[in-house]
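The structure file coords.txt is reproduced below (compact mmCIF, C-alpha atoms).
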# COMPACT_ATOMS: atom_id res chain seq x y z
CA MET A 266 15.63 -13.94 -43.30
CA ARG A 267 17.16 -17.27 -42.40
CA ARG A 268 20.14 -15.51 -40.82
CA LEU A 269 17.79 -13.38 -38.76
CA LEU A 270 15.91 -16.47 -37.62
CA ASN A 271 19.19 -18.16 -36.72
CA PHE A 272 20.16 -15.09 -34.74
CA PHE A 273 16.90 -15.22 -32.78
CA ILE A 274 17.30 -18.92 -32.10
CA LEU A 275 20.91 -18.48 -31.02
CA PHE A 276 20.18 -15.58 -28.69
CA LYS A 277 16.58 -16.46 -27.78
CA GLU A 278 17.12 -15.93 -24.04
CA TYR A 279 18.36 -12.37 -24.62
CA VAL A 280 15.68 -11.57 -27.19
CA VAL A 281 12.95 -12.82 -24.84
CA LEU A 282 14.49 -10.94 -21.90
CA THR A 283 14.58 -7.68 -23.90
CA LEU A 284 10.96 -8.18 -24.90
CA LEU A 285 9.84 -8.96 -21.33
CA VAL A 286 11.72 -5.99 -19.86
CA PHE A 287 10.16 -3.75 -22.51
CA LEU A 288 6.72 -5.19 -21.69
CA SER A 289 7.30 -4.62 -17.95
CA PHE A 290 8.11 -0.95 -18.55
CA PHE A 291 5.11 -0.65 -20.83
CA PHE A 292 2.85 -2.01 -18.07
CA MET A 293 4.47 0.33 -15.53
CA ALA A 294 3.67 3.29 -17.75
CA LEU A 295 0.08 2.06 -18.00
CA SER A 296 -0.23 1.32 -14.30
CA ARG A 297 -1.89 4.56 -13.16
CA SER A 298 -3.78 5.34 -16.36
CA THR A 299 -7.55 5.24 -16.60
CA GLU A 300 -7.41 2.48 -19.23
CA VAL A 301 -6.47 -0.12 -16.62
CA GLN A 302 -9.15 0.94 -14.12
CA PRO A 303 -11.71 -1.59 -15.47
CA LEU A 304 -9.09 -4.32 -14.95
CA ARG A 305 -8.49 -3.03 -11.40
CA ALA A 306 -12.24 -3.11 -10.73
CA ILE A 307 -12.51 -6.72 -11.96
CA THR A 308 -9.56 -7.89 -9.87
CA THR A 309 -10.93 -6.00 -6.84
CA VAL A 310 -14.23 -7.88 -7.18
CA PHE A 311 -12.48 -11.22 -7.68
CA VAL A 312 -9.96 -10.82 -4.84
CA SER A 313 -12.53 -9.29 -2.47
CA SER A 314 -15.05 -12.06 -3.13
CA LEU A 315 -12.41 -14.65 -2.24
CA GLN A 316 -11.30 -12.69 0.81
CA SER A 317 -14.85 -12.28 2.08
CA LEU A 318 -15.20 -16.09 2.11
CA TYR A 319 -12.65 -16.48 4.89
CA SER A 320 -12.66 -13.03 6.48
CA TRP A 321 -14.51 -14.49 9.46
CA ILE A 322 -11.35 -16.39 10.46
CA PRO A 323 -9.77 -14.20 13.13
CA ASN A 324 -6.10 -13.46 13.26
CA PRO A 325 -5.33 -14.02 16.97
CA PHE A 326 -2.29 -11.70 16.99
CA THR A 327 -4.26 -8.82 15.48
CA LEU A 328 -7.32 -9.40 17.64
CA SER A 329 -5.48 -9.29 20.95
CA GLN A 330 -3.55 -6.17 19.90
CA GLU A 331 -6.75 -4.51 18.74
CA ASN A 332 -8.59 -5.38 21.94
CA GLU A 333 -5.75 -4.02 24.05
CA GLY A 334 -5.68 -0.84 22.00
CA LEU A 335 -9.45 -0.45 22.19
CA ARG A 336 -9.49 -0.79 25.96
CA GLU A 337 -6.88 1.94 26.36
CA HIS A 338 -8.69 4.02 23.81
CA THR A 339 -12.06 3.74 25.57
CA ILE A 340 -10.58 4.98 28.83
CA LEU A 341 -8.98 7.96 27.09
CA LEU A 342 -12.11 8.72 25.10
CA SER A 343 -14.46 8.74 28.06
CA SER A 344 -12.47 11.55 29.67
CA GLU A 345 -11.99 13.39 26.39
CA VAL A 346 -15.69 13.30 25.51
CA ALA A 347 -16.62 15.36 28.55
CA GLN A 348 -13.90 17.91 27.76
CA LEU A 349 -14.91 18.06 24.12
CA ARG A 350 -18.58 18.65 24.90
CA ARG A 351 -17.64 21.67 26.96
CA ALA A 352 -15.22 22.85 24.27
CA LYS A 353 -17.83 22.40 21.53
CA ALA A 354 -20.40 24.54 23.37
CA GLU A 355 -17.78 27.20 23.98
CA ASN A 356 -16.59 27.00 20.39
CA GLU A 357 -20.11 27.44 18.99
CA GLU A 358 -20.68 30.44 21.19
CA LEU A 359 -17.39 32.04 20.14
CA ARG A 360 -18.10 31.29 16.48
CA LYS A 361 -21.45 33.04 16.83
CA LEU A 362 -19.71 36.05 18.36
CA LEU A 363 -17.17 36.12 15.52
CA SER A 364 -19.92 35.47 12.91
CA LEU A 365 -18.09 32.44 11.51
CA LYS A 366 -19.85 29.63 9.68
CA PRO A 367 -20.19 26.35 11.57
CA ARG A 368 -17.74 23.58 10.60
CA GLU A 369 -18.86 21.04 8.04
CA GLY A 370 -19.94 17.70 9.41
CA TRP A 371 -18.75 14.35 8.11
CA LYS A 372 -21.03 11.76 6.65
CA LEU A 373 -19.56 8.41 7.64
CA LEU A 374 -20.25 4.97 6.24
CA ALA A 375 -19.31 1.97 8.37
CA ALA A 376 -17.64 -0.97 6.62
CA GLU A 377 -16.01 -4.24 7.56
CA ILE A 378 -12.41 -4.95 6.54
CA VAL A 379 -12.56 -8.27 4.71
CA GLY A 380 -9.02 -8.48 3.41
CA LYS A 381 -5.52 -7.22 4.05
CA THR A 382 -2.79 -7.53 1.45
CA SER A 383 0.87 -6.77 1.89
CA ILE A 384 2.98 -7.18 -1.24
CA GLY A 385 6.33 -5.43 -1.40
CA ASP A 386 5.91 -1.96 0.04
CA ARG A 387 2.23 -1.69 -0.76
CA ASN A 388 -0.26 -2.39 1.98
CA MET A 389 -3.86 -2.58 0.87
CA LEU A 390 -7.13 -3.28 2.68
CA THR A 391 -10.36 -4.53 1.18
CA ILE A 392 -13.65 -3.34 2.69
CA SER A 393 -17.16 -4.70 2.31
CA ALA A 394 -18.69 -1.58 0.74
CA GLY A 395 -18.32 -0.20 -2.74
CA GLU A 396 -19.89 1.90 -5.45
CA SER A 397 -23.35 0.69 -4.48
CA SER A 398 -22.85 2.48 -1.13
CA SER A 399 -21.80 5.75 -2.87
CA ILE A 400 -18.10 5.18 -2.24
CA GLN A 401 -15.82 6.88 -4.75
CA LYS A 402 -12.11 6.73 -5.49
CA GLY A 403 -10.06 9.06 -3.26
CA MET A 404 -12.43 9.15 -0.27
CA ALA A 405 -10.80 9.14 3.16
CA VAL A 406 -11.01 6.05 5.37
CA MET A 407 -10.71 6.25 9.15
CA THR A 408 -11.44 4.45 12.38
CA ASP A 409 -12.49 5.82 15.74
CA GLY A 410 -8.74 6.28 16.38
CA GLY A 411 -7.89 8.24 13.26
CA LEU A 412 -7.01 8.15 9.59
CA ILE A 413 -6.01 4.82 8.03
CA GLY A 414 -5.98 5.53 4.29
CA ARG A 415 -7.99 6.40 1.22
CA VAL A 416 -10.07 4.55 -1.38
CA TYR A 417 -7.82 3.34 -4.19
CA SER A 418 -10.41 1.64 -6.39
CA THR A 419 -13.99 0.59 -6.00
CA SER A 420 -16.44 -1.85 -7.52
CA GLY A 421 -20.05 -2.88 -6.83
CA GLY A 422 -19.83 -4.25 -3.30
CA PHE A 423 -16.15 -3.84 -2.40
CA SER A 424 -13.47 -1.16 -2.26
CA LEU A 425 -9.72 -1.36 -2.15
CA ILE A 426 -8.08 0.93 0.41
CA GLU A 427 -4.55 2.27 0.10
CA GLY A 428 -3.27 2.27 3.70
CA LEU A 429 -1.04 4.92 5.28
CA PHE A 430 1.84 2.42 5.21
CA ASN A 431 2.28 2.77 1.50
CA ARG A 432 5.13 4.02 -0.65
CA ASP A 433 2.92 6.32 -2.73
CA MET A 434 0.84 7.76 0.12
CA ARG A 435 1.23 11.46 0.90
CA VAL A 436 -1.00 13.32 3.36
CA ALA A 437 -1.07 17.07 4.03
CA VAL A 438 -0.91 17.35 7.83
CA LYS A 439 -0.37 19.89 10.56
CA ILE A 440 0.67 19.80 14.19
CA ALA A 441 -2.56 20.43 16.12
CA ARG A 442 -0.91 22.52 18.86
CA THR A 443 1.17 24.90 16.75
CA ARG A 444 -0.47 24.60 13.27
CA VAL A 445 2.90 23.74 11.67
CA ASP A 446 2.23 22.22 8.22
CA GLY A 447 3.97 19.31 6.54
CA ILE A 448 3.60 16.37 4.21
CA LEU A 449 3.33 12.95 5.83
CA GLY A 450 4.65 9.82 4.16
CA TRP A 451 5.97 6.37 4.96
CA GLU A 452 9.57 5.17 4.75
CA GLY A 453 9.15 1.69 6.16
CA GLY A 454 8.76 0.43 9.71
CA ASP A 455 5.90 1.11 12.08
CA GLU A 456 6.16 4.90 11.99
CA LEU A 457 5.13 7.61 9.55
CA VAL A 458 7.42 10.52 8.70
CA VAL A 459 6.94 14.25 8.14
CA ARG A 460 10.01 15.51 6.27
CA ASP A 461 11.59 18.93 5.75
CA VAL A 462 10.15 20.67 8.78
CA PRO A 463 12.39 23.62 9.77
CA LYS A 464 14.21 23.07 13.08
CA ALA A 465 13.15 26.52 14.27
CA LEU A 466 9.45 25.66 14.31
CA ASP A 467 7.76 24.69 17.57
CA VAL A 468 7.28 20.91 17.45
CA LYS A 469 7.52 18.58 20.45
CA GLU A 470 7.36 14.86 21.10
CA GLY A 471 3.80 13.88 22.04
CA ASP A 472 2.16 16.55 19.83
CA LEU A 473 -0.94 15.43 17.97
CA VAL A 474 -0.74 15.37 14.16
CA VAL A 475 -4.00 15.96 12.26
CA THR A 476 -4.95 16.31 8.60
CA SER A 477 -4.63 19.78 7.17
CA GLU A 478 -7.30 21.80 5.39
CA TYR A 479 -4.92 21.95 2.40
CA SER A 480 -5.53 18.26 1.72
CA THR A 481 -7.49 17.44 -1.44
CA PHE A 482 -8.59 13.99 -0.33
CA PHE A 483 -8.93 14.12 3.43
CA PRO A 484 -11.26 16.21 5.60
CA SER A 485 -9.36 18.49 7.96
CA GLU A 486 -8.70 17.84 11.66
CA VAL A 487 -8.76 14.02 11.43
CA PRO A 488 -6.21 12.63 13.91
CA VAL A 489 -3.30 10.91 12.18
CA GLY A 490 -1.00 10.13 15.09
CA MET A 491 1.31 11.39 17.82
CA ILE A 492 4.88 12.58 17.36
CA SER A 493 7.10 9.83 18.71
CA ARG A 494 10.54 11.35 18.03
CA LEU A 495 12.31 14.18 16.24
CA GLU A 496 15.43 13.60 14.19
CA PRO A 497 17.57 16.45 12.79
CA GLU A 498 18.59 16.01 9.15
CA PRO A 499 22.40 16.26 9.01
CA ASN A 500 23.87 19.46 7.47
CA SER A 501 20.44 20.94 7.03
CA LEU A 502 18.04 23.41 8.61
CA PHE A 503 15.30 20.81 8.60
CA ARG A 504 14.33 17.82 10.67
CA LYS A 505 12.31 14.66 10.32
CA ILE A 506 9.28 14.13 12.51
CA TYR A 507 8.38 10.52 13.25
CA VAL A 508 4.71 9.89 13.91
CA THR A 509 3.14 6.85 15.59
CA PRO A 510 -0.19 6.36 13.80
CA ALA A 511 -3.35 6.80 15.87
CA ALA A 512 -4.88 3.79 14.13
CA HIS A 513 -2.74 1.05 12.62
CA PRO A 514 -4.34 -0.05 9.33
CA PHE A 515 -3.36 -3.67 9.91
CA ARG A 516 -4.74 -3.90 13.44
CA VAL A 517 -8.32 -2.90 12.76
CA GLU A 518 -11.30 -4.96 11.68
CA HIS A 519 -13.81 -2.17 10.98
CA CYS A 520 -13.56 1.30 9.50
CA TYR A 521 -15.53 4.32 8.28
CA VAL A 522 -15.45 5.88 4.84
CA VAL A 523 -15.89 9.66 4.83
CA LEU A 524 -18.49 10.22 2.14
CA LYS A 525 -18.55 13.49 0.23
CA ASP A 526 -21.85 14.92 1.37
CA ALA A 527 -23.76 16.14 -1.71
CA THR A 528 -26.00 18.50 0.28
CA LEU A 529 -23.01 20.04 2.02
CA GLU A 530 -21.22 20.43 -1.31
CA LYS A 531 -24.32 22.16 -2.74
CA GLU A 532 -24.59 24.47 0.27
CA LYS A 533 -20.91 25.30 -0.04
CA ALA A 534 -21.27 26.05 -3.77
CA ALA A 535 -24.38 28.21 -3.10
CA LEU A 536 -22.51 30.17 -0.43
CA ASP A 537 -19.59 30.68 -2.82
CA VAL A 538 -21.98 32.01 -5.52
CA LYS A 539 -23.64 34.30 -2.98
CA ALA A 540 -20.27 35.66 -1.84
CA THR A 541 -19.17 36.30 -5.45
CA GLU A 542 -22.46 38.08 -6.22
CA GLU A 543 -22.07 40.21 -3.10
CA MET A 544 -18.51 41.16 -4.09
CA ASN A 545 -19.63 42.03 -7.65
CA ARG A 546 -22.50 44.14 -6.30
CA LYS A 547 -20.13 46.04 -3.99
CA SER A 548 -17.61 46.68 -6.76
CA ASP A 549 -20.44 47.92 -9.06
CA LEU A 550 -21.62 50.29 -6.34
CA GLY A 551 -18.06 51.56 -5.90
CA LYS A 552 -17.73 52.21 -9.64
CA LYS A 553 -21.08 54.08 -9.73
CA LYS A 554 -20.00 56.28 -6.81
CA LYS A 555 -16.74 57.11 -8.60
CA THR A 556 -18.52 58.05 -11.84
CA LYS A 557 -20.93 60.30 -9.89
CA MET B 134 0.43 -32.53 -18.57
CA PRO B 135 3.33 -31.60 -16.22
CA TYR B 136 3.15 -28.03 -17.57
CA LEU B 137 -0.57 -27.93 -16.82
CA ILE B 138 -0.04 -29.13 -13.24
CA GLU B 139 2.79 -26.64 -12.77
CA SER B 140 0.63 -23.80 -14.11
CA GLY B 141 -2.16 -24.81 -11.70
CA ILE B 142 0.26 -24.85 -8.76
CA ALA B 143 1.69 -21.47 -9.84
CA LEU B 144 -1.78 -19.90 -9.96
CA LEU B 145 -2.63 -21.36 -6.57
CA LEU B 146 0.58 -19.97 -5.07
CA VAL B 147 -0.11 -16.51 -6.50
CA ILE B 148 -3.59 -16.57 -4.94
CA ILE B 149 -2.20 -17.75 -1.58
CA ASP B 150 0.54 -15.10 -1.72
CA VAL B 151 -1.98 -12.32 -2.26
CA LEU B 152 -4.89 -13.54 -0.17
CA ALA B 153 -3.26 -15.20 2.81
CA SER B 154 -0.58 -12.57 3.47
CA ARG B 155 -2.56 -11.46 6.52
CA TYR B 156 -2.17 -14.88 8.13
CA ILE B 157 1.36 -15.83 7.10
CA SER B 158 3.20 -12.56 7.67
CA ILE B 159 5.43 -12.04 10.68
CA ALA B 160 6.51 -8.50 11.67
CA GLY B 161 5.32 -7.16 8.34
CA ALA B 162 7.41 -9.62 6.31
CA MET B 163 5.97 -12.60 4.52
CA PRO B 164 7.37 -15.60 2.66
CA ASP B 165 7.27 -15.34 -1.11
CA LEU B 166 5.82 -18.70 -2.13
CA VAL B 167 5.91 -17.73 -5.79
CA LEU B 168 9.68 -17.20 -5.60
CA ILE B 169 10.10 -20.72 -4.20
CA PHE B 170 8.20 -22.00 -7.23
CA LEU B 171 10.34 -19.82 -9.52
CA ALA B 172 13.50 -21.34 -8.01
CA TYR B 173 12.06 -24.79 -8.79
CA ILE B 174 11.42 -23.73 -12.40
CA ILE B 175 14.95 -22.28 -12.73
CA ILE B 176 16.50 -25.55 -11.52
CA SER B 177 14.25 -27.87 -13.50
CA ARG B 178 13.43 -25.98 -16.73
CA GLY B 179 16.27 -23.57 -17.44
CA GLN B 180 16.76 -19.93 -18.31
CA LEU B 181 14.16 -19.33 -21.03
CA VAL B 182 11.23 -20.94 -19.22
CA ALA B 183 12.34 -19.31 -15.95
CA GLU B 184 12.32 -15.79 -17.34
CA LEU B 185 8.97 -16.34 -19.07
CA MET B 186 7.44 -17.91 -15.97
CA GLY B 187 8.92 -15.13 -13.81
CA PHE B 188 7.25 -12.51 -15.98
CA VAL B 189 3.85 -14.25 -15.99
CA LEU B 190 3.88 -14.93 -12.23
CA GLY B 191 5.09 -11.40 -11.42
CA LEU B 192 2.41 -9.85 -13.60
CA ALA B 193 -0.23 -12.06 -11.98
CA ILE B 194 0.89 -10.80 -8.53
CA ASP B 195 0.83 -7.19 -9.75
CA ILE B 196 -2.70 -7.59 -11.10
CA MET B 197 -4.06 -9.48 -8.09
CA SER B 198 -2.46 -7.20 -5.49
CA SER B 199 -3.38 -3.95 -7.29
CA GLY B 200 0.27 -2.97 -7.17
CA THR B 201 2.30 -1.18 -9.84
CA LEU B 202 1.77 -3.22 -12.99
CA GLY B 203 5.06 -4.67 -14.20
CA ALA B 204 6.97 -4.16 -10.92
CA HIS B 205 7.06 -7.80 -9.84
CA ALA B 206 7.06 -8.91 -13.48
CA LEU B 207 10.39 -7.12 -14.03
CA SER B 208 12.01 -8.28 -10.79
CA PHE B 209 10.98 -11.94 -11.25
CA THR B 210 12.01 -11.92 -14.93
CA LEU B 211 15.49 -10.67 -14.06
CA ALA B 212 15.79 -13.20 -11.22
CA GLY B 213 14.83 -16.03 -13.61
CA PHE B 214 17.22 -14.79 -16.27
CA LEU B 215 20.26 -14.31 -14.03
CA LEU B 216 19.87 -17.56 -12.10
CA GLY B 217 19.09 -19.40 -15.33
CA TYR B 218 22.82 -19.22 -16.12
CA PHE B 219 23.38 -21.83 -13.41
CA TYR B 220 20.93 -24.32 -14.91
CA ASN B 221 22.32 -27.82 -15.33
CA ASP B 222 20.01 -30.55 -16.59
CA GLU B 223 22.07 -33.35 -15.04
CA LEU B 224 22.01 -31.84 -11.55
CA THR B 225 18.30 -30.99 -11.40
CA LYS B 226 17.19 -33.73 -9.00
CA GLN B 227 20.22 -33.46 -6.73
CA ARG B 228 19.75 -29.71 -6.48
CA LEU B 229 16.06 -29.94 -5.64
CA ARG B 230 16.74 -32.45 -2.86
CA ASN B 231 19.61 -30.60 -1.20
CA TRP B 232 20.77 -27.23 0.07
CA PRO B 233 21.43 -25.82 -3.45
CA PHE B 234 17.65 -25.46 -3.73
CA LEU B 235 17.68 -23.18 -0.70
CA LEU B 236 20.58 -21.27 -2.24
CA PHE B 237 18.57 -20.74 -5.44
CA VAL B 238 15.56 -19.56 -3.40
CA PHE B 239 17.80 -17.20 -1.44
CA ALA B 240 19.48 -15.80 -4.57
CA ALA B 241 16.14 -15.40 -6.39
CA SER B 242 14.70 -13.55 -3.41
CA VAL B 243 17.76 -11.28 -3.09
CA ILE B 244 17.78 -10.43 -6.82
CA ALA B 245 14.01 -9.82 -6.95
CA ASN B 246 14.14 -7.64 -3.82
CA LEU B 247 17.14 -5.65 -5.09
CA VAL B 248 15.50 -4.97 -8.45
CA TYR B 249 12.25 -4.05 -6.72
CA TYR B 250 14.08 -1.70 -4.35
CA PHE B 251 16.15 0.10 -6.98
CA PHE B 252 13.30 0.51 -9.44
CA PHE B 253 10.34 1.19 -7.17
CA THR B 254 11.26 1.82 -3.56
CA ALA B 255 14.48 3.86 -3.62
CA GLY B 256 12.69 7.04 -4.74
CA SER B 257 10.27 6.93 -1.83
CA GLY B 258 12.92 7.87 0.75
CA LEU B 259 13.14 4.42 2.34
CA SER B 260 16.82 3.76 2.99
CA PHE B 261 18.44 0.62 1.61
CA TYR B 262 19.42 -0.46 5.12
CA ALA B 263 15.85 -0.14 6.39
CA TYR B 264 14.49 -2.01 3.37
CA ALA B 265 17.09 -4.77 3.65
CA THR B 266 16.54 -5.34 7.36
CA GLU B 267 12.83 -4.76 7.81
CA ARG B 268 11.28 -6.02 4.60
CA GLY B 269 13.54 -7.61 2.01
CA GLY B 270 15.93 -9.29 4.45
CA LEU B 271 13.31 -10.67 6.80
CA GLY B 272 11.14 -11.73 3.87
CA THR B 273 14.07 -13.55 2.23
CA LEU B 274 14.90 -15.37 5.46
CA PHE B 275 11.27 -16.35 5.91
CA THR B 276 11.06 -17.56 2.28
CA VAL B 277 14.18 -19.71 2.65
CA ILE B 278 12.80 -21.28 5.85
CA ILE B 279 9.52 -22.16 4.10
CA ALA B 280 11.51 -23.57 1.14
CA ILE B 281 12.85 -26.30 3.44
CA ALA B 282 9.44 -28.01 3.24
CA PRO B 283 9.46 -28.74 -0.54
CA MET B 284 13.18 -29.61 -0.36
CA TYR B 285 12.42 -32.16 2.36
CA TYR B 286 9.53 -33.53 0.28
CA TRP B 287 11.78 -34.04 -2.77
CA SER B 288 14.55 -35.56 -0.66
CA ARG B 289 12.11 -38.28 0.52
CA ARG B 290 11.22 -39.27 -3.02
CA PRO B 291 13.33 -41.80 -4.97
CA LEU B 292 16.12 -40.15 -6.97
CA TYR B 293 15.46 -42.05 -10.25

Can I see the file as structure tokens?
Amino acid sequence: MRRLLNFFILFKEYVVLTLLVFLSFFFMALSRSTEVQPLRAITTVFVSSLQSLYSWIPNPFTLSQENEGLREHTILLSSEVAQLRRAKAENEELRKLLSLKPREGWKLLAAEIVGKTSIGDRNMLTISAGESSSIQKGMAVMTDGGLIGRVYSTSGGFSLIEGLFNRDMRVAVKIARTRVDGILGWEGGDELVVRDVPKALDVKEGDLVVTSEYSTFFPSEVPVGMISRLEPEPNSLFRKIYVTPAAHPFRVEHCYVVLKDATLEKEKAALDVKATEEMNRKSDLGKKKKTK
Amino acid sequence: MPYLIESGIALLLVIIDVLASRYISIAGAMPDLVLIFLAYIIISRGQLVAELMGFVLGLAIDIMSSGTLGAHALSFTLAGFLLGYFYNDELTKQRLRNWPFLLFVFAASVIANLVYYFFFTAGSGLSFYAYATERGGLGTLFTVIIAIAPMYYWSRRPLY
């Protein structure tokens, strides 16, 4: 026992290092588990409360950039609104002719960004709305420009948003013009990247990238950004698509959370049940005819 | 008492690091105030305290920033352990007052960033060159520049 104690004393730095490294890996394994969610919620409340105290202090660099962007955006929007109104009317008429269901609407909740945190390669935003405003983990967050992230954790009056510029963020997207699908991620810098897109597919610089209907978290057709450049992957049939985000998460002061609309969900479920019943009825009729 | 004051300063720096990043970052990179404090601990307290303090401070950052738990804890622990080999009790004050302090800050930042990259960032597709130039490198440079302030403060104080 004494020899063991002597050994620990002699090599205490190494023993402590081994223990700390082991503990670090243990915490890493725990990091995404549900057990640590209460801790996340507490820290979200604590950090957000502190951030909300000084969130009124403007960041002059961000403000001027945001104002500039907004001015350009307003000019573009005013011309697009007129075009979209015409397109919407035409679309509704064509949908009626094709007997398609109308597209689901979004229920948006406005929130103020009270904090922005950038540690390592994780960029997080804190917004002034939480569980009390029906916000849930995984909901999409956007601005008038486009998608900026999704809800990472939420507490009473605040929510933590995982921005697009994040190592772990993956978004199912498509090119609006040609409906080419891909997975969007971030590899550092001011651009987002869609990897492994075959060179043969029709993709051009300036194409709009929107969220895909295959996405679990995000509603479809939300603008994500514009293709800024295309880069062939060496010795491969694929290429990388670089996307300039439509809304930069760190240059915005307000955002909207896309709430999952309970009534729409119910309607969707009821329609699904109806469709299944109809299919069953038809198959029963078919069987009866055969037996006759 | 000195330990209590140091713990208070450490906690304050963690809070500033997490909360004020929006105001002190330039081109996406920000100075790591906690690493400056860790360099001070390495020089003044030695290897064992440095690795323990590195772990505690790193874990505090991970918790406060909602990042991967243990990521900063591991990188700061290893930085404290490796640089702790260069601890020399007799040179503590001279090192804090002169350029070796900046060298310790630089080395701590490089080690912490390298560990962080190889354990947590490499798998995401971000190339080492991009990480080193855009985030780690710029952040390290920024941290070293900020570290001149405490070095200047210590250099103005009497040596003994």

| message | Set the distance at 9 Å and use all atoms listed in the file: which residues neighbour Ser242 (chain B) once local chain neighbours fewer than 5 positions away are removed? I'd like the list as a ChimeraX atom specification. | response | /B:165,168-169,209,212,237,247,269,272-273,276-277

| To one decimal place, how far is CA of Ser393 (chain A) from CA of Pro488 (chain A) in Å? |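 That distance, rounded to one decimal, is 23.6 Å.
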
| said: Rounded to one decimal, what separation in Å do you get between CA of Arg516 (chain A) and CA of Gly334 (chain A)? | reply: 9.1 Å

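Between CA of Ile142 (chain B) and CA of Ile176 (chain B) the separation is 16.5 Å.
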
| request: Pull out every residue of chain A that has at least one atom within 9 Å of chain B, counting all atoms listed in the file, and report them as a PyMOL selection string. | output: chain A and resi 277-279+281-282+285-286+288-297+304-305+308-309+311-312+315-316+324+380-387+389+425+432-433+450-454+515

| Near Pro291 (chain B), within 12 Å and counting only C-alpha atoms, which residues show up once chain neighbours fewer than 5 positions away are dropped, as a ChimeraX atom specification? | /B:226-227,230,286

Kindly provide, as JSON, the centre and edge lengths (Å, one decimal) of an axis-aligned box around all atoms of region 405-418 of chain A given in the file, with 8 Å on each side.
{"center_x": -9.2, "center_y": 5.4, "center_z": 5.0, "size_x": 22.5, "size_y": 23.5, "size_z": 38.8}
